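Written below as structure tokens is the structure these notes are about.
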Amino acid sequence: MTDVEFLAFLIVDGALAGAIYALVALVFVVVYKAARIANFAVGEFVMLATRMVAAGLHGLGLSLGGALGLGGAGMVAVALGFNQGILRPLAGQPLMSLIMVTLGLGSLMRGCTAIAFAGIPGRIASPVVLDSLVVGGVPVSSDKLVAAGVAIVCVIAVSWFFRGSRTGLALRAIASDPQMAMGVGIDLHRHFAITWAMVGILSVLAGTLWALASGSGFGLQLLGLRVFPIVILGGLDSIPGTVIGAFVVGVLESLTAGYIDPVVGSAFSQVAAYLVLLAVLFVRPFGLFGRPDIERI
């Protein structure tokens with residue numbers, strides 16, 4: 001492989017990973033966009049969702065479609081239970097309280113998942129065996145290509161939901177001014193429940209696609225750590241910014257893994273995105289596509 005082909009391979013591989021990063025990041029963005037809650041249990045939501053799908057495949061012998069349905073139903077139940085049983089009683093509490101609750105939920109999910117799904121393989125295999133493609137001398141993983149394509153379709157669907165549907169418009173109104181939204185008859189609790197149901201479904205899709213592309217469902221809670229540079233770079237409530245940030249982080253990690261890690265060590269690619277994040281925050285503290293909060297005094 002020539003130097004140009006190697007560079008192209010790294011860029012393509014990073015872009016494919018970035019498409020799935022974007023879907024994982026939406027697990028954070030949809031909650032913040034609608035309810036202004038920072039969900040720091042993103043990785044644990046995705047991890048639990050993947051283990052539910054794997055349990056359906058390996059434990060119950062379901063097809064991939066059936067396992068996705070099982071995982072979707074389970075994660076919607078978990079997300080709605082968290083919203084109804086914990087977040088709703090905490091309505092009006094300081095933001096720090098809500099952040100600590102999501103951190104505690106993440107710890108609880110990690111411990112319970114290890115016990116409940118002990119002995120169940122985390123790997124999710126593709127139902128169709130696809131041969132790798134070679135485009136212009138650059139090898140491209142078919143599994144990653146399919147997973148990235150599905151992730152992009154999901155991101156487009158979520159973006160349309162917030163911009164083109166009445167429910168999405170209501171969620172945007174709630175995020176902008178909850179009191180005014182209540183004044184015009186929008187049911188906040190119903191729409192928050194819809195938001196968390198979306199979190200459950202997106203967690204299943206993101207975790208399954210990552211497991212299909214990477215060949216393993218382990219370590220998904222660490223995937224959540226890669227989300228935070230993405231959402232902060234793009235702007236916490238900006239879906240287009242999240243998508244661009246995801247591709248930037250994916251390509252950046254791939255390039256640093258290919259060129260810098262062999263020189264300075266394999267850990268640099270894991271922190272490169274955070275270094276870029278710090279540089280961007282010095283210039284735009286609210287992210288590349290985020291909007292600063294302006295309050296009249």
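Residue numbers start at 1 in each chain; chains themselves are named A, B, ... in the order of the structure tokens; ligands are numbered from 1 in the order shown.
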
#### Entry: All helix (DSSP H, G or I) positions in range 166-235 of chain A, as JSON, numbers by chain
{"A": [166, 167, 168, 169, 170, 171, 172, 173, 174, 175, 176, 178, 179, 180, 181, 182, 183, 188, 189, 190, 191, 192, 193, 194, 195, 196, 197, 198, 199, 200, 201, 202, 203, 204, 205, 206, 207, 208, 209, 210, 211, 212, 213, 214, 220, 221, 222, 223, 224, 225, 226, 227, 228, 229, 230, 231, 232, 233, 234]}

Limited to C-alpha atoms, could you put the picked residues into a file as a compact mmCIF listing (two decimals), in the first residue's frame?
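The resulting file, again-v1.txt, is reproduced below:
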# COMPACT_ATOMS: atom_id res chain seq x y z
CA ARG A 166 -45.20 18.48 15.40
CA THR A 167 -43.71 16.50 18.29
CA GLY A 168 -40.21 17.69 17.40
CA LEU A 169 -41.45 21.28 17.24
CA ALA A 170 -43.04 20.85 20.67
CA LEU A 171 -39.77 19.49 22.08
CA ARG A 172 -37.87 22.46 20.71
CA ALA A 173 -40.44 24.79 22.26
CA ILE A 174 -40.06 23.06 25.64
CA ALA A 175 -36.28 23.42 25.48
CA SER A 176 -36.59 27.09 24.60
CA PRO A 178 -40.83 25.31 29.37
CA GLN A 179 -43.25 27.73 31.05
CA MET A 180 -44.40 29.21 27.78
CA ALA A 181 -44.75 25.71 26.29
CA MET A 182 -46.98 24.69 29.18
CA GLY A 183 -48.97 27.87 28.69
CA LEU A 188 -44.14 18.39 29.27
CA HIS A 189 -44.19 14.98 30.94
CA ARG A 190 -45.55 13.27 27.82
CA HIS A 191 -42.91 14.83 25.60
CA PHE A 192 -40.10 14.08 28.03
CA ALA A 193 -41.26 10.45 27.97
CA ILE A 194 -41.06 10.50 24.16
CA THR A 195 -37.53 11.90 24.39
CA TRP A 196 -36.34 9.14 26.73
CA ALA A 197 -38.02 6.49 24.60
CA MET A 198 -35.96 7.81 21.69
CA VAL A 199 -32.85 7.50 23.87
CA GLY A 200 -33.62 3.82 24.43
CA ILE A 201 -34.14 3.10 20.74
CA LEU A 202 -31.07 5.07 19.65
CA SER A 203 -28.98 3.23 22.23
CA VAL A 204 -30.00 -0.11 20.73
CA LEU A 205 -29.26 0.99 17.17
CA ALA A 206 -25.94 2.66 18.02
CA GLY A 207 -24.65 -0.20 20.18
CA THR A 208 -25.65 -2.87 17.68
CA LEU A 209 -24.07 -1.05 14.75
CA TRP A 210 -20.85 -0.51 16.72
CA ALA A 211 -20.74 -4.18 17.69
CA LEU A 212 -21.34 -5.23 14.08
CA ALA A 213 -18.63 -2.90 12.79
CA SER A 214 -16.02 -3.62 15.46
CA LEU A 220 -19.00 0.11 25.00
CA GLN A 221 -19.19 2.17 28.18
CA LEU A 222 -15.84 3.66 27.12
CA LEU A 223 -17.45 4.63 23.82
CA GLY A 224 -19.48 7.15 25.79
CA LEU A 225 -16.29 8.98 26.73
CA ARG A 226 -15.63 9.62 23.03
CA VAL A 227 -19.04 11.25 22.71
CA PHE A 228 -18.35 14.25 24.92
CA PRO A 229 -15.69 15.89 22.71
CA ILE A 230 -18.07 15.40 19.78
CA VAL A 231 -21.13 17.04 21.35
CA ILE A 232 -19.11 19.89 22.84
CA LEU A 233 -17.27 20.53 19.59
CA GLY A 234 -20.51 20.57 17.59

### Contact residues around range 97-105 of chain A with only C-alpha atoms at 8 Å, ignoring same-chain residues under 6 positions, as JSON, numbers by chain
{"A": [37, 38, 39, 40, 41, 87, 90]}

Take the residues just selected and output them with C-alpha atoms as a CSV table (one decimal), in the first residue's frame.
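The resulting file, result.csv, is reproduced below:
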chain,number,residue,atom,x,y,z
A,37,ILE,CA,-30.4,17.4,30.9
A,38,ALA,CA,-26.8,16.3,30.5
A,39,ASN,CA,-26.9,12.5,30.3
A,40,PHE,CA,-23.5,11.3,31.4
A,41,ALA,CA,-24.6,7.6,31.3
A,87,LEU,CA,-36.0,12.5,36.9
A,90,LEU,CA,-36.3,15.9,40.6

#### Entry: Nearest candidate to Ala118 in chain A (options A:Ala157, A:Leu95, A:Ala79, A:Ala54; using only C-alpha atoms)
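Among A:Ala157, A:Leu95, A:Ala79, A:Ala54, it is A:Ala54 that comes nearest to Ala118 in chain A.
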
### Message
Set the distance at 9 Å and use only C-alpha atoms: which residues neighbour Pro240 in chain A once local chain neighbours fewer than 5 positions away are removed? I'd like the list as a list in words.
### Response
Ser159, Gly234, Gly245 and Phe289 of chain A

Could you write out that same residue set with N, CA and C atoms as a short mmCIF file (atom, residue, chain, number, x, y, z; two decimals), in the first residue's frame?
data_model
loop_
_atom_site.label_atom_id
_atom_site.label_comp_id
_atom_site.auth_asym_id
_atom_site.auth_seq_id
_atom_site.Cartn_x
_atom_site.Cartn_y
_atom_site.Cartn_z
N SER A 159 -32.92 14.08 12.77
CA SER A 159 -32.87 15.49 12.42
C SER A 159 -34.21 15.94 11.84
N GLY A 234 -19.43 20.21 18.50
CA GLY A 234 -20.51 20.57 17.59
C GLY A 234 -21.49 21.55 18.18
N GLY A 245 -18.89 17.16 14.04
CA GLY A 245 -17.94 16.85 15.10
C GLY A 245 -17.58 15.38 15.15
N PHE A 289 -20.92 24.97 16.45
CA PHE A 289 -22.25 25.28 15.92
C PHE A 289 -23.26 25.58 17.03
#

### Nearest candidate to Tyr274 in chain A (options A:Ala55, A:Val30, A:Val248, A:Leu68; using only C-alpha atoms)
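For Tyr274 in chain A, the nearest of the given residues is A:Val248.
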
### Query
In terms of the shortest atom-to-atom distance over only C-alpha atoms, which of A:Ile120, A:Ser269, A:Arg284, A:Leu252 is closest to Gly61 in chain A?
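Smallest distance to Gly61 in chain A is found for A:Ile120.
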
### Query
Near Val158 in chain A, counting only C-alpha atoms, which residues have an atom at most 9 Å away, once you skip same-chain residues fewer than 3 positions from it, shown as a ChimeraX atom specification?
/A:26,30,153-155,161-163,239

Give me, as a tab-separated table, the closest atom pair and its distance (Å, one decimal) for every residue of range 47-86 of chain A within a cut-off of 10 Å of range 125-149 of chain A, counting only C-alpha atoms, rows sorted by chain and rising number.
residue	atom	partner	partner_atom	distance
A:Ala54	CA	A:Ala125	CA	9.5
A:Leu57	CA	A:Ala125	CA	9.4
A:Ser63	CA	A:Pro127	CA	8.5
A:Leu64	CA	A:Pro127	CA	7.2
A:Gly65	CA	A:Pro127	CA	9.8

Take the selection from the previous step and output its residues with N, CA and C atoms, as an mmCIF file, in the first residue's frame.
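Written output follows (result-v2.cif):
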data_model
loop_
_atom_site.group_PDB
_atom_site.id
_atom_site.type_symbol
_atom_site.label_atom_id
_atom_site.label_comp_id
_atom_site.auth_asym_id
_atom_site.auth_seq_id
_atom_site.Cartn_x
_atom_site.Cartn_y
_atom_site.Cartn_z
ATOM 1 N N ALA A 54 -27.615 -8.907 22.436
ATOM 2 C CA ALA A 54 -26.805 -10.127 22.460
ATOM 3 C C ALA A 54 -27.505 -11.244 23.233
ATOM 4 N N LEU A 57 -29.980 -12.815 20.998
ATOM 5 C CA LEU A 57 -29.352 -13.652 19.970
ATOM 6 C C LEU A 57 -28.815 -14.957 20.548
ATOM 7 N N SER A 63 -33.660 -14.196 16.000
ATOM 8 C CA SER A 63 -32.984 -13.597 14.852
ATOM 9 C C SER A 63 -32.523 -12.199 15.236
ATOM 10 N N LEU A 64 -31.720 -11.584 14.368
ATOM 11 C CA LEU A 64 -31.239 -10.239 14.673
ATOM 12 C C LEU A 64 -32.401 -9.267 14.786
ATOM 13 N N GLY A 65 -33.399 -9.397 13.907
ATOM 14 C CA GLY A 65 -34.566 -8.522 13.988
ATOM 15 C C GLY A 65 -35.317 -8.703 15.300
#
